[in-house]
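Colleague: Got a structure for you, written out below as structure tokens; questions coming shortly.
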Amino acid sequence: MTDIKDHVSPSQLQADFLEKWVSGEGIDFIDDNASESYQYRAGLIKDAIQLKKSPDRVPVVPLCTFAPVNLYGYTGKEAMYDPHILGKVSLDYCKEYDADAAGAAPMVMYGPALETLDYRLYKWPGHGVKEELYYQFVEKEYMKAEEYDHFIADPSDYWFRVWLPRTHGALGPLAELPPIYGTMELPMAGPWLCALGAPPIQEAYKALLEAGRQCFEWINVLGPYLAQITQAGFPFYAGGATKAPFDVLGDSFRGTVQLMMDLYRRPEKVLAAVERLVPLMVDSGAAGAYANNNPLVFIPLHKGADGFMSNEQFEKFYWPTLKGVMVGLIEKGCVPICFVEGGYNQRLEYLTEVPEGQCMFIFDKTDMARARKILGGKSCIGGGFPVSLIVTGNVQQVQDETKRLLDSAAGDGGYVLSIGCAMDEAKEDTLKAFIRTGKEYGKY
Amino acid sequence: MENAETLTQAIIEMEEEKAMALTRRLLEEGTAPMAIFKAYQNALMAVGKRFEEGVYFIPELILSGNMMNEAMEIIKPYLTEEKSRDDQERIGKIIIATIEGDIHDIGKNIVATLLELNGFEVKDLGVDIAKDQIISEARELDADVIGLSGLLTLSFDPMRELVEALKAEGLRDKIKVIIGGGQMDEQVRDYVGADAFVVDAVSGIKLCKAWVD
């Protein structure tokens, strides 16, 4: 990507990256039919993003985390500890349910590596939550208020020497490392290297290397299953993932409770920290997109939803840096796909400020008719189907609601039929009814 | 002149430093601890009202609750013969918990704080709590309401099982069940068999108050 970047506009760069993705270039398809199916499915998504009027039909893309695992009768623990199981259910799910794009199975992650690291940011099946369930975030004040300045001055140094030792038990000793900057001169390199030799730090690095080795083995088992998914004709709905800077700070560093009080106690620090995160989050998302040859970059949105803060606070603390990340991704040829958790009924107007036809917003609890009205012709929208109906409803209810949703939100293009939540669990009959109805009734 | 009314205003306007300084000064000058407590209570009612009006949101609920808790620490040494906060008359009793399988607690904690401020006796059991424990605690407390929190879809079934167990034990008519969390809707309320669902803290408090009235 970098070689052509300097010569073309961001919109052309993105169009080229999308075109390349849709072509299926480099994929060893099992037959011509698979190749055509891949191009058709990815093409539907591309058309939706680019707001093409009246394409063939809406793309049907329910987002999943553990749902395929659960649909085939496996536990969350089995999926997180055996890549053959994770790979097999991911492949079987694509073939049997036949949605238009596959979920990112590697996001389920590998339990043994997390154990090696004594990973504390989440609890996972068999490790703090029941074996049949799914991983869950453990939100705490991982960064103290007085550490903002360190974070702002040098996020990577803070991340590595303060935050990582706190959130990954086996990496605790890394807190004793001096900064890396002495390596610039021979006479100043000693302290860093000598510290690296201390037995606890050696142990921490061994744990890190071991976790890396475990994940490498894991992805080498999982990878061939994922390859089979694309070879059978299914594109993946995410190439990379990143986050809104405010959510980075609120989820993984300060915690919601502390960050919300920081808006009054130290607003200037919050602003400096989120601004500092913008280029980091752009690079992080784009790196995944380039590595996977897929321009779609997922951005799950958390703490800017209706009810979490006022529009005034959203406009000051949340939106400018989220917009910065989105625009930064577009400039790198990627397509930001915001997964808008909660409701955004008070915020829809802000979302019109991003470049037209280059982003996607998948909604959860937002009024989809209003979303269509305000964002129609500006950005691709999607989602809005309640997960509660998939999990607790019946086929008739799902069919009715899918039709109602398509009537109010599909317009004449620029819509992706999806569920307002990445599903941990689902029911076979309702999910199949959702996908089938979407394909039949979602024709333009 | 600075008095309890000024304190109430400072809290409502989220002027934390001013509110804390004023709390200390008023106590030193001999203002009755219960008057200070009342000033906070009034302020938090006003904050709740602004939340309902869509003026205030989570930051203000959290910060004002936090100011109240900080102030209680300041007041403690002065509470000798005065009535303590716990002696206040309670309007109802509620058991609150995040249901078995789910470990999220931010919403639950905000609700528990607001319920207390609104005069409820609240027993917060924490996260990932089994239905049997919730029911036995409700029985022991003679609770009017059971409040169940759950962020994830995996919370639906355990909540439903709890309501069924309540029925089996003949307690369903005596105890209201309210569920809260990001994915709650009428569909889930009906599936669980709860009396109500809420997706924000203040409307939950309003419902509970109406039930015990």
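By order in the structure tokens, chains are A, B, ...; within a chain, residues start at 1; ligands start at 1, following the order shown.
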What are the closest atom pairs, with distances in Å to one decimal, for all residues of chain A lying within 8 Å of chain B? Consider only C-alpha atoms, order rows by chain and residue number, and present the result as a Markdown table.
Modeller:
```
| residue | atom | partner | partner_atom | distance |
| --- | --- | --- | --- | --- |
| A:Val129 | CA | B:Gly101 | CA | 6.4 |
| A:Lys130 | CA | B:Gly101 | CA | 6.8 |
| A:Leu133 | CA | B:Gly101 | CA | 7.3 |
| A:Gln136 | CA | B:Ile103 | CA | 7.2 |
| A:Phe137 | CA | B:His104 | CA | 7.9 |
| A:Val138 | CA | B:His104 | CA | 7.7 |
| A:Thr256 | CA | B:Ile106 | CA | 7.8 |
| A:Val257 | CA | B:Ile62 | CA | 6.6 |
| A:Met260 | CA | B:Pro59 | CA | 4.5 |
| A:Met261 | CA | B:Leu63 | CA | 5.5 |
| A:Leu263 | CA | B:Pro59 | CA | 7.4 |
| A:Tyr264 | CA | B:Met14 | CA | 7.5 |
| A:Gly307 | CA | B:Phe57 | CA | 5.7 |
| A:Phe308 | CA | B:Ile58 | CA | 5.1 |
| A:Met309 | CA | B:Phe57 | CA | 5.0 |
| A:Ser310 | CA | B:Phe57 | CA | 6.2 |
| A:Gly342 | CA | B:Gly182 | CA | 6.7 |
| A:Val387 | CA | B:Gln183 | CA | 7.7 |
| A:Ser388 | CA | B:Val188 | CA | 6.2 |
| A:Leu389 | CA | B:Gln187 | CA | 7.0 |
| A:Val391 | CA | B:Thr153 | CA | 7.6 |
| A:Thr392 | CA | B:Tyr191 | CA | 6.7 |
| A:Gly393 | CA | B:Gln187 | CA | 7.6 |
| A:Asp424 | CA | B:Thr153 | CA | 7.4 |
| A:Glu425 | CA | B:Thr153 | CA | 7.4 |
```
Colleague: Write out as a VMD selection string each polymer residue whose atoms come within 9 Å of Leu351 of chain A, counting only C-alpha atoms; drop sequence neighbours fewer than 3 positions from it.
Modeller: chain A and resid 319 323 347 to 348 354 361 374 to 375 379
Colleague: Keeping N, CA and C atoms, export the residues of the selection given above as a PDB file, in the first residue's frame.
Modeller:
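Generated file (result-v9.pdb):
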```pdb
ATOM      1  N   TRP A 319     -16.050  12.563  20.460  1.00  0.00           N
ATOM      2  CA  TRP A 319     -16.195  12.553  19.013  1.00  0.00           C
ATOM      3  C   TRP A 319     -14.962  13.030  18.228  1.00  0.00           C
ATOM      4  N   LYS A 323     -13.470  10.657  15.358  1.00  0.00           N
ATOM      5  CA  LYS A 323     -13.469  11.124  13.972  1.00  0.00           C
ATOM      6  C   LYS A 323     -12.039  11.125  13.428  1.00  0.00           C
ATOM      7  N   ARG A 347     -26.958  11.364  18.871  1.00  0.00           N
ATOM      8  CA  ARG A 347     -25.631  11.673  18.307  1.00  0.00           C
ATOM      9  C   ARG A 347     -25.572  11.564  16.789  1.00  0.00           C
ATOM     10  N   LEU A 348     -26.665  11.136  16.168  1.00  0.00           N
ATOM     11  CA  LEU A 348     -26.600  10.786  14.745  1.00  0.00           C
ATOM     12  C   LEU A 348     -26.062  11.918  13.869  1.00  0.00           C
ATOM     13  N   VAL A 354     -18.261  12.634   8.795  1.00  0.00           N
ATOM     14  CA  VAL A 354     -17.155  11.861   8.205  1.00  0.00           C
ATOM     15  C   VAL A 354     -17.308  11.822   6.676  1.00  0.00           C
ATOM     16  N   PHE A 361     -21.600   2.322   9.758  1.00  0.00           N
ATOM     17  CA  PHE A 361     -21.992   2.352  11.172  1.00  0.00           C
ATOM     18  C   PHE A 361     -22.978   1.215  11.413  1.00  0.00           C
ATOM     19  N   ILE A 374     -31.132  10.337   8.670  1.00  0.00           N
ATOM     20  CA  ILE A 374     -30.040  11.287   8.871  1.00  0.00           C
ATOM     21  C   ILE A 374     -28.768  10.878   8.125  1.00  0.00           C
ATOM     22  N   LEU A 375     -28.498   9.582   8.081  1.00  0.00           N
ATOM     23  CA  LEU A 375     -27.240   9.140   7.464  1.00  0.00           C
ATOM     24  C   LEU A 375     -27.415   8.633   6.032  1.00  0.00           C
ATOM     25  N   SER A 379     -23.543   7.819   4.782  1.00  0.00           N
ATOM     26  CA  SER A 379     -22.719   6.685   5.205  1.00  0.00           C
ATOM     27  C   SER A 379     -23.559   5.421   5.196  1.00  0.00           C
TER      28      SER A 379
END
```
Colleague: Counting only C-alpha atoms, what is within 7 Å of segment 136-147 of chain B, bar same-chain residues fewer than 4 positions away, as a ChimeraX atom specification?
Modeller: /B:92-97,132,174-179
Colleague: Keeping only C-alpha atoms, write the selected residues to a file as a short mmCIF file (atom, residue, chain, number, x, y, z; two decimals), in the first residue's frame.
Modeller:
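To be explicit, this is the file written out as part25.cif:
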```
data_model
loop_
_atom_site.label_atom_id
_atom_site.label_comp_id
_atom_site.auth_asym_id
_atom_site.auth_seq_id
_atom_site.Cartn_x
_atom_site.Cartn_y
_atom_site.Cartn_z
CA GLY B 92 -38.29 -0.28 51.16
CA LYS B 93 -35.86 -3.17 51.02
CA ILE B 94 -34.08 -4.38 47.93
CA ILE B 95 -31.64 -7.12 47.03
CA ILE B 96 -29.47 -6.28 44.07
CA ALA B 97 -27.00 -8.49 42.22
CA ASP B 132 -30.43 -19.66 45.31
CA LYS B 174 -44.51 -10.83 47.44
CA ILE B 175 -41.38 -9.72 45.60
CA LYS B 176 -41.11 -7.52 42.52
CA VAL B 177 -38.37 -8.40 40.05
CA ILE B 178 -36.68 -5.72 37.97
CA ILE B 179 -33.98 -6.45 35.39
#
```
Colleague: DSSP on the backbone: which residues in segment 89-150 of chain B end up as helix (DSSP H, G or I)? Give the answer as a list in words.
Modeller: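 Selection result, helix (DSSP H, G or I) within segment 89-150 of chain B: Ile106, Gly107, Lys108, Asn109, Ile110, Val111, Ala112, Thr113, Leu114, Leu115, Glu116, Leu117, Lys131, Asp132, Gln133, Ile134, Ile135, Ser136, Glu137, Ala138, Arg139, Glu140 and Leu141 of chain B.
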Colleague: Give me a file of those residues, with C-alpha atoms, as an mmCIF file, in the first residue's frame.
Modeller:
```cif
data_model
loop_
_atom_site.group_PDB
_atom_site.id
_atom_site.type_symbol
_atom_site.label_atom_id
_atom_site.label_comp_id
_atom_site.auth_asym_id
_atom_site.auth_seq_id
_atom_site.Cartn_x
_atom_site.Cartn_y
_atom_site.Cartn_z
ATOM 1 C CA ILE B 106 -20.755 -0.588 36.839
ATOM 2 C CA GLY B 107 -24.460 -0.129 36.178
ATOM 3 C CA LYS B 108 -25.440 -2.177 39.186
ATOM 4 C CA ASN B 109 -23.208 -0.107 41.470
ATOM 5 C CA ILE B 110 -24.683 3.170 40.261
ATOM 6 C CA VAL B 111 -28.199 1.848 40.828
ATOM 7 C CA ALA B 112 -27.332 0.574 44.322
ATOM 8 C CA THR B 113 -25.909 3.966 45.320
ATOM 9 C CA LEU B 114 -28.947 5.827 44.010
ATOM 10 C CA LEU B 115 -31.352 3.432 45.723
ATOM 11 C CA GLU B 116 -29.669 4.060 49.059
ATOM 12 C CA LEU B 117 -29.787 7.792 48.548
ATOM 13 C CA LYS B 131 -30.251 -17.628 42.087
ATOM 14 C CA ASP B 132 -30.435 -19.656 45.307
ATOM 15 C CA GLN B 133 -28.272 -17.177 47.146
ATOM 16 C CA ILE B 134 -30.274 -14.230 45.835
ATOM 17 C CA ILE B 135 -33.536 -15.845 46.911
ATOM 18 C CA SER B 136 -32.328 -16.817 50.356
ATOM 19 C CA GLU B 137 -30.947 -13.309 50.949
ATOM 20 C CA ALA B 138 -34.246 -11.837 49.758
ATOM 21 C CA ARG B 139 -36.114 -14.070 52.170
ATOM 22 C CA GLU B 140 -33.844 -13.121 55.043
ATOM 23 C CA LEU B 141 -34.091 -9.397 54.329
#
```
Colleague: Show me, as a PyMOL selection string, the residues that have an atom within 10 Å of Gln258 of chain A when counting only C-alpha atoms, minus same-chain residues fewer than 6 positions from it.
Modeller: (chain A and resi 140-141+143-145+250+265) or (chain B and resi 59+62-63)
Colleague: Please run DSSP on the backbone and report, as a list in words, all residues within segment 47-190 of chain B that come out as strand (DSSP E or B).
Modeller: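 The strand (DSSP E or B) subset of segment 47-190 of chain B is Gly92, Lys93, Ile94, Ile95, Ile96, Ala97, Thr98, Ile99, Phe120, Glu121, Val122, Lys123, Asp124, Ile129, Val145, Ile146, Gly147, Leu148, Ser149, Lys176, Val177, Ile178, Ile179 and Gly180 of chain B.
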Colleague: Can those selected residues be exported to a file as a tab-separated table (two decimals), in the first residue's frame so that it contains N, CA and C atoms?
Modeller:
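The file below, part38.tsv, is the result:
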```tsv
chain	number	residue	atom	x	y	z
B	92	GLY	N	-38.12	1.05	51.73
B	92	GLY	CA	-38.29	-0.28	51.16
B	92	GLY	C	-36.98	-1.04	51.20
B	93	LYS	N	-37.06	-2.34	50.97
B	93	LYS	CA	-35.86	-3.17	51.02
B	93	LYS	C	-35.63	-3.83	49.66
B	94	ILE	N	-34.38	-3.82	49.24
B	94	ILE	CA	-34.08	-4.38	47.93
B	94	ILE	C	-32.77	-5.17	47.94
B	95	ILE	N	-32.84	-6.32	47.28
B	95	ILE	CA	-31.64	-7.12	47.03
B	95	ILE	C	-31.22	-6.84	45.61
B	96	ILE	N	-29.94	-6.55	45.43
B	96	ILE	CA	-29.47	-6.28	44.07
B	96	ILE	C	-28.23	-7.13	43.80
B	97	ALA	N	-28.14	-7.64	42.57
B	97	ALA	CA	-27.00	-8.49	42.22
B	97	ALA	C	-26.86	-8.59	40.71
B	98	THR	N	-25.63	-8.84	40.26
B	98	THR	CA	-25.43	-9.25	38.87
B	98	THR	C	-25.59	-10.76	38.86
B	99	ILE	N	-26.40	-11.23	37.94
B	99	ILE	CA	-26.81	-12.63	37.95
B	99	ILE	C	-25.64	-13.58	37.61
B	120	PHE	N	-33.85	3.58	50.25
B	120	PHE	CA	-34.01	2.12	50.30
B	120	PHE	C	-32.93	1.49	51.18
B	121	GLU	N	-33.30	0.39	51.81
B	121	GLU	CA	-32.29	-0.45	52.43
B	121	GLU	C	-31.83	-1.40	51.32
B	122	VAL	N	-30.56	-1.31	50.97
B	122	VAL	CA	-30.05	-2.05	49.81
B	122	VAL	C	-29.03	-3.09	50.26
B	123	LYS	N	-29.24	-4.31	49.85
B	123	LYS	CA	-28.19	-5.30	50.05
B	123	LYS	C	-27.66	-5.70	48.68
B	124	ASP	N	-26.41	-5.29	48.44
B	124	ASP	CA	-25.76	-5.55	47.15
B	124	ASP	C	-24.92	-6.81	47.29
B	129	ILE	N	-23.81	-14.01	40.88
B	129	ILE	CA	-24.46	-14.57	42.07
B	129	ILE	C	-25.55	-15.57	41.65
B	145	VAL	N	-38.15	-5.93	46.69
B	145	VAL	CA	-37.74	-5.97	45.28
B	145	VAL	C	-36.43	-6.74	45.14
B	146	ILE	N	-36.34	-7.50	44.05
B	146	ILE	CA	-35.05	-8.07	43.65
B	146	ILE	C	-34.64	-7.38	42.35
B	147	GLY	N	-33.47	-6.77	42.36
B	147	GLY	CA	-32.95	-6.11	41.16
B	147	GLY	C	-31.83	-6.94	40.57
B	148	LEU	N	-32.00	-7.36	39.31
B	148	LEU	CA	-31.00	-8.22	38.67
B	148	LEU	C	-30.34	-7.47	37.53
B	149	SER	N	-29.01	-7.52	37.53
B	149	SER	CA	-28.26	-6.84	36.49
B	149	SER	C	-27.60	-7.87	35.59
B	176	LYS	N	-41.20	-8.02	43.90
B	176	LYS	CA	-41.11	-7.52	42.52
B	176	LYS	C	-39.73	-7.84	41.98
B	177	VAL	N	-39.67	-8.12	40.69
B	177	VAL	CA	-38.37	-8.40	40.05
B	177	VAL	C	-38.16	-7.39	38.93
B	178	ILE	N	-37.02	-6.69	39.01
B	178	ILE	CA	-36.68	-5.72	37.97
B	178	ILE	C	-35.33	-6.12	37.37
B	179	ILE	N	-35.23	-6.08	36.03
B	179	ILE	CA	-33.98	-6.45	35.39
B	179	ILE	C	-33.40	-5.24	34.65
B	180	GLY	N	-32.07	-5.14	34.64
B	180	GLY	CA	-31.43	-4.00	34.00
B	180	GLY	C	-30.16	-4.41	33.28
```
Colleague: Within 9 Å of segment 22-38 of chain B, counting only C-alpha atoms, which residues qualify if same-chain residues fewer than 2 places away don't, as a VMD selection string?
Modeller: chain B and resid 2 to 4 6 to 8 10 17 to 20 40 to 43 68 71 to 72 74 to 76 78 to 79 82 to 85
Colleague: Within 8 Å of segment 435-441 of chain A, counting only C-alpha atoms, which residues show up once you throw out same-chain ones fewer than 6 positions away? Write them as number ranges by chain, please.
Modeller: A: 57-60, 97-99, 399, 402-403, 406, 417
Colleague: Hey, can you check how far atom CA of Thr321 of chain A sits from atom CA of Phe363 of chain A?
Modeller: 19.6 Å
